[in-house]
>>> print(open('query_31.cif').read())   # mmCIF, C-alpha atoms and all ligand atoms
data_start
#
loop_
_atom_site.label_atom_id
_atom_site.label_comp_id
_atom_site.auth_asym_id
_atom_site.auth_seq_id
_atom_site.Cartn_x
_atom_site.Cartn_y
_atom_site.Cartn_z
CA MET A 1 -23.47 -0.56 44.10
CA ILE A 2 -22.57 -3.91 45.63
CA ARG A 3 -24.85 -5.63 43.15
CA TYR A 4 -22.99 -4.02 40.27
CA LEU A 5 -19.65 -4.96 41.75
CA LEU A 6 -20.75 -8.56 42.15
CA ALA A 7 -22.11 -8.70 38.60
CA GLY A 8 -18.80 -7.38 37.31
CA THR A 9 -16.85 -9.90 39.35
CA ALA A 10 -19.03 -12.75 38.06
CA ALA A 11 -18.36 -11.66 34.48
CA LEU A 12 -14.62 -11.61 35.14
CA LEU A 13 -14.69 -15.03 36.78
CA ALA A 14 -16.74 -16.45 33.90
CA ALA A 15 -14.22 -15.01 31.44
CA SER A 16 -11.20 -16.46 33.23
CA ALA A 17 -12.95 -19.83 33.70
CA ALA A 18 -13.60 -20.00 29.94
CA ALA A 19 -9.98 -19.20 29.24
CA ALA A 20 -8.89 -22.05 31.54
CA GLU A 21 -10.81 -24.67 29.50
CA THR A 22 -8.99 -27.00 27.14
CA TYR A 23 -10.35 -27.12 23.60
CA ALA A 24 -9.67 -29.57 20.78
CA ILE A 25 -10.57 -27.83 17.53
CA GLN A 26 -10.80 -30.45 14.79
CA ALA A 27 -10.12 -28.93 11.37
CA GLY A 28 -10.74 -30.50 7.96
CA ARG A 29 -8.01 -28.25 6.60
CA LEU A 30 -5.65 -26.15 8.73
CA ILE A 31 -3.78 -23.00 7.78
CA VAL A 32 -1.13 -22.44 10.44
CA ASP A 33 0.63 -19.67 8.52
CA ALA A 34 -0.92 -18.04 5.43
CA ALA A 35 2.47 -18.03 3.69
CA LYS A 36 2.90 -21.82 3.99
CA PRO A 37 1.00 -24.79 2.51
CA ALA A 38 -2.14 -25.79 4.40
CA ARG A 39 -2.25 -29.01 6.46
CA GLY A 40 -4.89 -31.69 6.01
CA PRO A 41 -7.08 -32.97 8.86
CA SER A 42 -5.59 -31.64 12.10
CA THR A 43 -6.55 -30.80 15.67
CA VAL A 44 -5.58 -27.55 17.40
CA ILE A 45 -5.25 -27.96 21.16
CA VAL A 46 -5.99 -24.79 23.12
CA GLU A 47 -5.10 -24.49 26.80
CA ASN A 48 -5.38 -21.41 29.03
CA GLY A 49 -6.25 -19.19 26.09
CA ARG A 50 -3.18 -20.22 24.07
CA ILE A 51 -2.39 -22.71 21.36
CA SER A 52 -0.53 -25.50 23.10
CA ARG A 53 0.02 -27.89 20.17
CA ILE A 54 -1.24 -29.09 16.82
CA GLU A 55 -1.89 -32.81 16.24
CA SER A 56 -2.36 -34.64 12.93
CA GLY A 57 -5.82 -36.10 12.32
CA PHE A 58 -8.79 -35.71 14.63
CA THR A 59 -7.90 -36.13 18.30
CA ALA A 60 -9.68 -35.42 21.57
CA PRO A 61 -7.52 -35.30 24.72
CA ALA A 62 -9.34 -36.34 27.91
CA GLY A 63 -11.34 -33.47 29.38
CA ALA A 64 -11.09 -31.27 26.29
CA ILE A 65 -14.13 -29.58 24.77
CA VAL A 66 -14.24 -30.81 21.16
CA VAL A 67 -15.10 -28.27 18.47
CA ASP A 68 -16.08 -30.10 15.28
CA GLU A 69 -14.89 -28.09 12.27
CA ARG A 70 -14.04 -31.18 10.22
CA SER A 71 -15.97 -29.82 7.23
CA ARG A 72 -14.23 -26.43 7.36
CA THR A 73 -10.87 -24.70 7.03
CA VAL A 74 -9.45 -23.42 10.32
CA LEU A 75 -7.08 -20.46 10.08
CA PRO A 76 -5.65 -17.62 12.16
CA GLY A 77 -8.23 -14.98 13.15
CA LEU A 78 -8.35 -12.13 10.66
CA ILE A 79 -7.03 -8.66 11.45
CA ASP A 80 -8.61 -5.42 10.22
CA ALA A 81 -6.07 -2.62 10.60
CA HIS A 82 -8.59 0.17 9.98
CA VAL A 83 -12.02 0.28 11.58
CA HIS A 84 -14.28 2.81 13.30
CA LEU A 85 -16.35 0.62 15.61
CA THR A 86 -18.08 3.48 17.43
CA GLY A 87 -19.80 4.88 14.33
CA ASP A 88 -22.30 3.66 11.75
CA PRO A 89 -22.37 4.53 8.03
CA GLY A 90 -24.62 7.22 6.57
CA THR A 91 -25.07 9.04 9.89
CA PRO A 92 -25.94 12.71 9.05
CA PHE A 93 -23.05 14.97 10.01
CA TRP A 94 -25.19 17.17 12.27
CA ARG A 95 -25.60 14.23 14.63
CA ASP A 96 -22.08 15.14 15.84
CA ALA A 97 -23.78 18.05 17.60
CA VAL A 98 -26.50 15.88 19.12
CA ASP A 99 -25.15 12.44 20.02
CA SER A 100 -23.07 11.87 23.13
CA ASN A 101 -19.70 10.16 23.31
CA GLU A 102 -21.33 7.63 25.64
CA LEU A 103 -23.79 6.68 22.88
CA ALA A 104 -20.81 6.08 20.60
CA ALA A 105 -19.36 3.58 23.07
CA VAL A 106 -22.66 1.67 23.14
CA ILE A 107 -22.83 1.65 19.34
CA GLY A 108 -19.31 0.25 19.50
CA VAL A 109 -20.49 -2.69 21.62
CA LYS A 110 -22.95 -3.63 18.86
CA ASN A 111 -20.33 -3.26 16.13
CA ALA A 112 -17.61 -5.13 18.00
CA LEU A 113 -19.84 -8.21 18.07
CA LEU A 114 -20.71 -7.90 14.35
CA THR A 115 -17.00 -7.57 13.56
CA VAL A 116 -15.76 -10.50 15.62
CA ARG A 117 -18.55 -12.74 14.26
CA ALA A 118 -17.27 -11.84 10.78
CA GLY A 119 -13.97 -13.50 11.71
CA PHE A 120 -11.96 -10.46 12.80
CA THR A 121 -10.31 -11.29 16.10
CA THR A 122 -8.08 -8.20 16.19
CA VAL A 123 -8.88 -4.72 14.90
CA ARG A 124 -7.20 -1.33 14.96
CA ASP A 125 -9.70 1.44 15.66
CA LEU A 126 -8.44 4.63 13.99
CA GLY A 127 -10.72 7.41 15.07
CA ALA A 128 -13.53 7.70 17.59
CA VAL A 129 -15.13 10.49 19.61
CA GLY A 130 -13.89 11.21 23.13
CA LEU A 131 -12.60 8.15 24.93
CA SER A 132 -15.29 5.85 23.48
CA SER A 133 -12.91 3.47 21.70
CA PHE A 134 -10.76 3.12 24.84
CA ALA A 135 -13.84 2.23 26.91
CA LEU A 136 -14.84 -0.38 24.32
CA ARG A 137 -11.29 -1.80 24.13
CA ASP A 138 -11.06 -2.12 27.90
CA ALA A 139 -14.53 -3.66 28.29
CA ILE A 140 -13.69 -6.37 25.73
CA ARG A 141 -10.28 -6.97 27.32
CA ASP A 142 -11.94 -7.49 30.70
CA GLY A 143 -14.53 -9.93 29.31
CA ILE A 144 -17.48 -7.60 29.99
CA VAL A 145 -18.68 -7.70 26.36
CA PRO A 146 -17.58 -9.97 23.48
CA GLY A 147 -15.48 -8.55 20.67
CA PRO A 148 -12.11 -8.49 18.98
CA ARG A 149 -8.87 -7.38 20.61
CA ILE A 150 -8.70 -3.64 19.89
CA ILE A 151 -5.69 -1.45 19.24
CA ALA A 152 -7.15 2.06 19.56
CA SER A 153 -5.98 5.52 18.55
CA GLY A 154 -8.74 7.42 20.30
CA GLY A 155 -9.08 10.54 18.17
CA ALA A 156 -6.94 11.75 15.29
CA LEU A 157 -4.40 14.56 14.97
CA SER A 158 -5.41 17.10 12.34
CA ILE A 159 -4.61 20.59 11.16
CA VAL A 160 -7.10 23.26 12.24
CA GLY A 161 -9.98 22.90 9.76
CA GLY A 162 -8.62 19.57 8.50
CA HIS A 163 -10.22 16.15 8.16
CA GLY A 164 -9.96 15.34 11.88
CA ASP A 165 -11.32 18.71 13.01
CA VAL A 166 -15.02 19.59 13.13
CA SER A 167 -16.30 21.83 10.33
CA GLY A 168 -19.67 22.67 8.82
CA PHE A 169 -21.40 24.17 11.86
CA ARG A 170 -21.58 27.77 13.12
CA PRO A 171 -18.11 28.71 14.43
CA GLU A 172 -19.18 28.56 18.08
CA VAL A 173 -20.66 25.07 17.56
CA ASN A 174 -17.49 23.91 15.79
CA ALA A 175 -15.51 25.22 18.77
CA ALA A 176 -17.76 23.43 21.27
CA LEU A 177 -17.28 20.13 19.41
CA ASP A 178 -13.47 20.52 19.15
CA PRO A 179 -12.15 16.96 19.47
CA GLY A 180 -8.86 18.10 21.03
CA GLY A 181 -6.63 16.79 18.29
CA THR A 182 -5.74 19.82 16.16
CA CYS A 183 -2.27 21.31 16.21
CA THR A 184 -0.11 23.87 14.45
CA GLY A 185 3.66 23.68 14.37
CA ALA A 186 6.02 20.91 15.40
CA ASP A 187 5.95 21.64 19.16
CA GLN A 188 2.18 21.71 19.46
CA CYS A 189 1.85 18.55 17.34
CA ALA A 190 4.37 16.76 19.57
CA LEU A 191 2.32 17.90 22.58
CA ARG A 192 -0.87 16.41 21.08
CA VAL A 193 0.90 13.06 20.63
CA ARG A 194 1.92 13.07 24.29
CA GLU A 195 -1.59 14.07 25.38
CA TRP A 196 -3.18 11.19 23.45
CA ALA A 197 -0.56 8.77 24.76
CA LYS A 198 -1.45 9.92 28.28
CA LYS A 199 -5.18 9.41 27.61
CA GLY A 200 -4.56 5.83 26.47
CA SER A 201 -3.76 5.67 22.74
CA ASP A 202 -2.15 2.44 21.50
CA VAL A 203 -1.37 4.06 18.15
CA ILE A 204 -1.37 7.64 16.86
CA LYS A 205 -3.69 8.46 13.97
CA ILE A 206 -3.09 11.57 11.88
CA THR A 207 -5.14 12.94 9.02
CA SER A 208 -2.15 14.02 6.97
CA THR A 209 -4.31 15.01 3.98
CA GLY A 210 -7.90 16.07 3.48
CA GLY A 211 -10.55 13.37 3.78
CA VAL A 212 -13.77 12.46 2.05
CA LEU A 213 -16.42 12.31 4.76
CA SER A 214 -15.61 15.45 6.77
CA GLN A 215 -17.22 18.79 5.98
CA GLN A 216 -13.86 20.42 5.19
CA GLY A 217 -13.65 21.72 1.62
CA ARG A 218 -9.89 22.06 1.39
CA GLY A 219 -9.28 19.15 -0.94
CA LEU A 220 -7.64 15.75 -0.55
CA GLU A 221 -3.98 16.81 -0.72
CA GLY A 222 -1.41 17.26 2.04
CA HIS A 223 -2.51 19.28 5.08
CA PHE A 224 0.27 18.93 7.65
CA ASP A 225 3.64 20.37 6.70
CA PRO A 226 6.69 18.06 6.69
CA ALA A 227 8.14 19.44 9.95
CA GLU A 228 4.85 18.76 11.77
CA ILE A 229 4.73 15.17 10.47
CA ARG A 230 8.35 14.54 11.47
CA ALA A 231 7.61 15.84 14.99
CA ILE A 232 4.53 13.62 15.30
CA ALA A 233 6.33 10.48 14.10
CA SER A 234 9.49 10.93 16.17
CA THR A 235 7.53 11.81 19.32
CA ALA A 236 5.22 8.82 18.90
CA HIS A 237 8.07 6.42 18.20
CA ARG A 238 9.91 7.57 21.31
CA LEU A 239 6.80 6.59 23.29
CA GLY A 240 6.66 3.18 21.61
CA LEU A 241 3.64 4.15 19.48
CA LYS A 242 3.25 3.69 15.75
CA VAL A 243 1.68 6.31 13.50
CA ALA A 244 -1.13 5.59 11.05
CA ALA A 245 -1.51 8.36 8.49
CA HIS A 246 -4.78 8.85 6.69
CA ALA A 247 -3.62 10.10 3.25
CA HIS A 248 -5.30 10.43 -0.16
CA GLY A 249 -3.32 12.94 -2.29
CA ALA A 250 0.00 11.80 -3.76
CA ARG A 251 2.14 14.64 -2.39
CA GLY A 252 0.55 14.24 1.03
CA ILE A 253 1.35 10.52 0.95
CA GLU A 254 4.92 11.35 0.01
CA ASP A 255 5.28 13.86 2.87
CA ALA A 256 3.84 11.40 5.40
CA ALA A 257 6.05 8.50 4.30
CA ARG A 258 9.15 10.67 4.25
CA GLY A 259 8.20 12.04 7.68
CA GLY A 260 8.38 8.54 9.15
CA VAL A 261 4.78 7.38 9.61
CA ASP A 262 4.34 3.60 9.76
CA SER A 263 1.36 3.22 7.46
CA ILE A 264 -0.52 5.09 4.78
CA GLU A 265 -4.25 4.55 5.19
CA HIS A 266 -6.25 4.62 1.91
CA GLY A 267 -3.38 5.87 -0.32
CA THR A 268 -6.03 6.70 -2.92
CA PHE A 269 -4.03 8.84 -5.37
CA ALA A 270 -0.58 7.31 -4.75
CA ASP A 271 1.56 7.79 -7.86
CA ALA A 272 4.96 6.34 -8.80
CA ALA A 273 6.88 9.04 -6.90
CA ALA A 274 4.81 8.54 -3.73
CA LEU A 275 5.22 4.75 -3.93
CA ARG A 276 8.99 5.14 -4.33
CA VAL A 277 9.16 7.12 -1.07
CA MET A 278 6.95 4.55 0.69
CA LYS A 279 9.16 1.72 -0.53
CA ALA A 280 12.36 3.50 0.54
CA ASN A 281 10.92 4.12 4.03
CA GLY A 282 9.34 0.68 4.51
CA THR A 283 5.90 2.32 4.84
CA TRP A 284 2.88 0.01 4.84
CA MET A 285 -0.24 0.59 2.77
CA VAL A 286 -3.68 -0.15 4.23
CA PRO A 287 -5.88 0.07 1.13
CA THR A 288 -9.45 0.23 2.60
CA LEU A 289 -11.15 -0.59 -0.72
CA MET A 290 -14.41 -1.28 1.13
CA ALA A 291 -14.60 2.41 2.05
CA SER A 292 -15.37 3.10 -1.60
CA THR A 293 -18.14 0.51 -1.50
CA GLY A 294 -19.59 2.61 1.32
CA LEU A 295 -19.28 5.75 -0.83
CA LYS A 296 -20.65 4.04 -3.95
CA ASP A 297 -23.78 2.96 -2.05
CA ARG A 298 -24.43 6.54 -0.95
CA VAL A 299 -23.42 9.04 -3.69
CA ASN A 300 -26.29 10.69 -5.62
CA LYS A 301 -28.71 9.78 -2.83
CA ASN A 302 -28.82 13.02 -0.83
CA VAL A 303 -26.98 11.30 2.01
CA TYR A 304 -23.85 13.45 1.72
CA THR A 305 -23.54 17.25 1.74
CA PRO A 306 -22.32 18.89 -1.54
CA VAL A 307 -18.77 19.29 -0.17
CA VAL A 308 -18.58 15.56 0.67
CA GLU A 309 -20.33 14.46 -2.52
CA ALA A 310 -17.62 16.18 -4.65
CA LYS A 311 -14.76 14.47 -2.77
CA ALA A 312 -16.50 11.09 -2.86
CA ARG A 313 -16.76 11.22 -6.67
CA GLN A 314 -13.06 12.14 -6.91
CA ALA A 315 -12.04 9.13 -4.81
CA LEU A 316 -14.39 6.70 -6.55
CA ALA A 317 -12.94 7.57 -9.97
CA VAL A 318 -9.62 5.86 -9.10
CA TRP A 319 -10.93 2.96 -6.94
CA GLY A 320 -8.30 0.24 -6.52
CA ARG A 321 -5.70 1.83 -8.80
CA ALA A 322 -3.27 2.72 -6.00
CA LEU A 323 -3.38 -0.77 -4.47
CA SER A 324 -2.67 -2.35 -7.84
CA ALA A 325 0.34 -0.03 -8.34
CA ALA A 326 1.55 -0.54 -4.76
CA HIS A 327 1.33 -4.31 -5.12
CA ARG A 328 3.35 -4.22 -8.35
CA ALA A 329 5.90 -1.93 -6.66
CA GLY A 330 6.37 -4.41 -3.79
CA ILE A 331 4.96 -2.15 -1.06
CA LYS A 332 4.05 -3.95 2.19
CA ILE A 333 0.27 -4.28 2.34
CA ALA A 334 -1.85 -4.79 5.48
CA PHE A 335 -5.55 -5.62 5.35
CA GLY A 336 -7.84 -2.78 6.45
CA THR A 337 -11.33 -1.72 5.47
CA ASP A 338 -12.51 1.56 7.10
CA SER A 339 -15.61 -0.17 8.45
CA GLY A 340 -18.00 2.44 9.76
CA VAL A 341 -17.88 4.10 6.34
CA PHE A 342 -19.75 0.93 5.28
CA GLU A 343 -21.74 -1.54 7.42
CA HIS A 344 -19.79 -3.28 10.18
CA GLY A 345 -19.52 -7.03 9.67
CA ARG A 346 -18.89 -6.76 5.90
CA ASN A 347 -15.12 -6.43 6.49
CA ALA A 348 -14.23 -9.74 4.80
CA GLU A 349 -15.57 -8.46 1.46
CA GLU A 350 -12.33 -6.47 1.21
CA ALA A 351 -10.51 -9.72 0.33
CA GLU A 352 -12.32 -10.22 -2.96
CA LEU A 353 -11.73 -6.54 -3.89
CA MET A 354 -8.00 -6.84 -3.15
CA VAL A 355 -7.84 -9.73 -5.62
CA ARG A 356 -10.11 -8.24 -8.30
CA LEU A 357 -9.01 -4.58 -8.17
CA GLY A 358 -5.57 -4.88 -6.60
CA GLY A 359 -4.26 -7.86 -8.55
CA MET A 360 -3.23 -9.73 -5.40
CA SER A 361 -3.45 -13.52 -5.08
CA PRO A 362 -5.82 -14.97 -2.46
CA ARG A 363 -2.76 -16.10 -0.50
CA GLU A 364 -1.24 -12.60 -0.55
CA VAL A 365 -4.53 -11.22 0.74
CA LEU A 366 -4.59 -13.76 3.55
CA VAL A 367 -1.01 -12.86 4.49
CA ALA A 368 -2.04 -9.17 4.55
CA ALA A 369 -4.95 -10.05 6.88
CA THR A 370 -2.89 -12.20 9.27
CA THR A 371 0.91 -12.00 9.54
CA GLY A 372 1.09 -8.72 7.60
CA ALA A 373 -1.37 -6.78 9.72
CA ALA A 374 0.04 -8.42 12.87
CA GLU A 375 3.48 -7.04 11.98
CA LEU A 376 2.11 -3.55 11.30
CA LEU A 377 0.27 -3.59 14.65
CA GLY A 378 3.35 -4.86 16.50
CA LEU A 379 1.54 -8.06 17.56
CA SER A 380 3.53 -10.70 15.67
CA ASN A 381 4.53 -12.47 18.86
CA ASP A 382 0.90 -13.09 19.81
CA VAL A 383 -1.28 -13.31 16.69
CA GLY A 384 -1.14 -13.84 12.92
CA THR A 385 -0.25 -17.56 12.86
CA LEU A 386 -1.43 -20.61 14.82
CA ASP A 387 2.01 -21.48 16.16
CA PRO A 388 2.11 -23.04 19.65
CA GLY A 389 2.45 -20.40 22.35
CA LYS A 390 0.43 -17.79 20.52
CA SER A 391 -2.96 -16.47 21.58
CA ALA A 392 -5.79 -18.83 20.53
CA ASP A 393 -7.32 -16.45 17.99
CA LEU A 394 -8.74 -18.59 15.20
CA ILE A 395 -11.70 -18.95 12.88
CA ALA A 396 -13.31 -21.68 10.76
CA VAL A 397 -14.61 -20.89 7.28
CA ASP A 398 -16.36 -22.83 4.51
CA GLY A 399 -14.13 -23.45 1.48
CA ASP A 400 -10.45 -22.73 0.94
CA PRO A 401 -9.42 -19.08 1.43
CA LEU A 402 -6.05 -19.79 -0.23
CA ALA A 403 -7.91 -20.46 -3.49
CA ASP A 404 -11.07 -18.36 -3.12
CA PRO A 405 -10.96 -14.90 -1.48
CA ARG A 406 -14.71 -15.05 -0.85
CA ALA A 407 -14.28 -17.99 1.53
CA VAL A 408 -13.34 -15.69 4.42
CA ALA A 409 -16.84 -14.18 4.23
CA HIS A 410 -18.35 -17.54 5.31
CA VAL A 411 -17.35 -17.85 8.94
CA GLY A 412 -18.81 -20.61 11.11
CA PHE A 413 -16.70 -20.45 14.29
CA VAL A 414 -14.64 -17.77 16.00
CA MET A 415 -12.38 -18.01 19.03
CA VAL A 416 -10.66 -14.98 20.60
CA GLN A 417 -7.96 -15.51 23.21
CA GLY A 418 -9.23 -19.02 23.87
CA LYS A 419 -12.90 -18.04 24.20
CA PRO A 420 -15.51 -19.07 21.61
CA ILE A 421 -17.64 -16.15 20.42
CA PRO A 422 -21.44 -16.66 20.52
CA MET A 423 -22.41 -16.72 16.82
CA LYS A 424 -26.11 -15.89 17.30
ZN ZN Z 1 -11.00 5.74 8.57
#
>>> encode(input="query_31.cif", output="structure tokens", more="lines below")
Ligand SMILES: [Zn+2]
Amino acid sequence: MIRYLLAGTAALLAASAAAAETYAIQAGRLIVDAAKPARGPSTVIVENGRISRIESGFTAPAGAIVVDERSRTVLPGLIDAHVHLTGDPGTPFWRDAVDSNELAAVIGVKNALLTVRAGFTTVRDLGAVGLSSFALRDAIRDGIVPGPRIIASGGALSIVGGHGDVSGFRPEVNAALDPGGTCTGADQCALRVREWAKKGSDVIKITSTGGVLSQQGRGLEGHFDPAEIRAIASTAHRLGLKVAAHAHGARGIEDAARGGVDSIEHGTFADAAALRVMKANGTWMVPTLMASTGLKDRVNKNVYTPVVEAKARQALAVWGRALSAAHRAGIKIAFGTDSGVFEHGRNAEEAELMVRLGGMSPREVLVAATTGAAELLGLSNDVGTLDPGKSADLIAVDGDPLADPRAVAHVGFVMVQGKPIPMK
């Protein structure tokens, strides 16, 4: 026992010692804020885990550890507002009845490292079994394992038999696997919000419509009724928590936005009427185009059950259309991928899809992945730009991500809260 305690203490001391170092990160090109013009050769000075100042040219204050990124572009760490770190893609659904929640947390350790090495220094985890995503979040926060800062929902609120419930097994097995997030009626839904807040949620996730990868065969339209959504949103907001609503069908999107959720995740079948309600309510869209890449790689391959296969084809038929319409309508867009539906570490590929399918400019995509997502997550004071005083969350990439959306997929250096991430 004492040995374990000592090992833990050593890890904590090592983490705080690293944060106390001064770094001089020399950048060939520097993007301080994705919305503003890039700077030429510059040096970012990091002290005590925070950005203390930015100097022109290449400098090296006495005692600082110099990080040579003179051939690269340095920019704010990327933010993925929709991940599932504790799961891997293509896992057969029956494994839900076999694998432990503890295994999920360990899988999350692997995926957290893949994700942070891909340049994502903050993620929002929107759905995990048990308390696995909280354990992962806390372990990274305490410097026990490397990874991105995590904003975690824990589980998801769902109707009975909805996307966030467990279906597809014998009734008694479904009951045994009940994730504790289903509710019926405004009062019970408000209670679930309070229960998850008590367990440690940083954000409330609801599956306001059907979803593709669950074994429920009740379509992709609205599941919760408007009174339930209003109760969830107002209860969460009173506790200082935002609400992320998984939503595919247009009427379900409309109900969720009108009910006061903060973001629509996926938004697959959003039509003009749904987008009007989102715009009027200031609702964000998190497009998760990479989720469809995950589906595309797996349909017609006997990976999915018939009920999932049918929903996957429906979603794939309109890939990218909703983002394109939302962008034209001036909806606020935050970068998010749904990693876990596809392989962790490929998150940055979303950027190229947002340009090609969504009609966004590379700069707009970079804003969505930095200041945009930071605003949605309520972290604007700490991350999203490289302004002095903010957390030292930054990455270096080959090429110019303001001109080429594929540049963010070529990451050579990552720092999270003043600590460099081991890249191999
Ligand atoms: Zn998801």
>>> residues_around(input="query_31.cif", residues="A:Thr371", least_positions_apart="3", cutoff="7 Å", atoms="all atoms listed in the file", output="list in words")
Val367, Ala368, Ala374, Glu375, Ser380, Gly384 and Thr385 of chain A
>>> residues_near_ligand(input="query_31.cif", ligand="ligand ZN 1 (chain Z)", cutoff="9 Å", atoms="all atoms listed in the file", output="ChimeraX atom specification")
/A:82-84,125-127,246,265-266,288,291,337-341
>>> residues_near_point(input="query_31.cif", point="(-5.2, -29.1, 14.3)", cutoff="12 Å", atoms="all atoms listed in the file", output="MDAnalysis selection string")
chainID A and resid 23:32 38:46 51:60 66:70 72:76 386:388 394 396
>>> closest_residue(input="query_31.cif", among="A:Val414, A:Ala97, A:Val286, A:Ala326", to="A:Pro148", atoms="all atoms listed in the file")
A:Val414
>>> closest_residue(input="query_31.cif", among="A:Ile140, A:Ala317, A:Ile232, A:Leu323", to="A:Ala270", atoms="all atoms listed in the file")
A:Leu323
>>> residues_around(input="query_31.cif", residues="A:Phe134", least_positions_apart="3", cutoff="10 Å", atoms="all atoms listed in the file", output="list in words")
Ala105, Asp125, Ala128, Gly130, Leu131, Arg137, Asp138, Ala139, Ile140, Ile150, Ile151, Ala152, Ser153, Gly154, Lys199, Gly200, Ser201 and Asp202 of chain A
>>> write_last_selection(input="query_31.cif", atoms="C-alpha atoms", output="compact mmCIF listing (two decimals), in the coordinates of the input")
# COMPACT_ATOMS: atom_id res chain seq x y z
CA ALA A 105 -19.36 3.58 23.07
CA ASP A 125 -9.70 1.44 15.66
CA ALA A 128 -13.53 7.70 17.59
CA GLY A 130 -13.89 11.21 23.13
CA LEU A 131 -12.60 8.15 24.93
CA ARG A 137 -11.29 -1.80 24.13
CA ASP A 138 -11.06 -2.12 27.90
CA ALA A 139 -14.53 -3.66 28.29
CA ILE A 140 -13.69 -6.37 25.73
CA ILE A 150 -8.70 -3.64 19.89
CA ILE A 151 -5.69 -1.45 19.24
CA ALA A 152 -7.15 2.06 19.56
CA SER A 153 -5.98 5.52 18.55
CA GLY A 154 -8.74 7.42 20.30
CA LYS A 199 -5.18 9.41 27.61
CA GLY A 200 -4.56 5.83 26.47
CA SER A 201 -3.76 5.67 22.74
CA ASP A 202 -2.15 2.44 21.50
>>> atom_distance(input="query_31.cif", atom1="atom CA of A:Gly336", atom2="atom CA of A:Asn302")
27.3 Å
>>> closest_residue(input="query_31.cif", among="A:Ser208, A:Thr122, A:Asn174, A:Asn281", to="A:Asp80", atoms="all atoms listed in the file")
A:Thr122
>>> atom_distance(input="query_31.cif", atom1="atom CA of A:Gly240", atom2="atom CA of A:Asp382")
17.4 Å
>>> closest_residue(input="query_31.cif", among="A:Ala186, A:Ala392, A:Ile159, A:Ile144", to="A:Gln216", atoms="all atoms listed in the file")
A:Ile159
>>> closest_residue(input="query_31.cif", among="A:Lys279, A:Arg117, A:Lys110, A:Arg50", to="A:Gly87", atoms="all atoms listed in the file")
A:Lys110
>>> atom_distance(input="query_31.cif", atom1="atom CA of A:Ala233", atom2="atom CA of A:Val261")
5.7 Å
>>> closest_residue(input="query_31.cif", among="A:Val277, A:Ala369, A:Met354, A:Ala407", to="A:Ala34", atoms="all atoms listed in the file")
A:Ala369
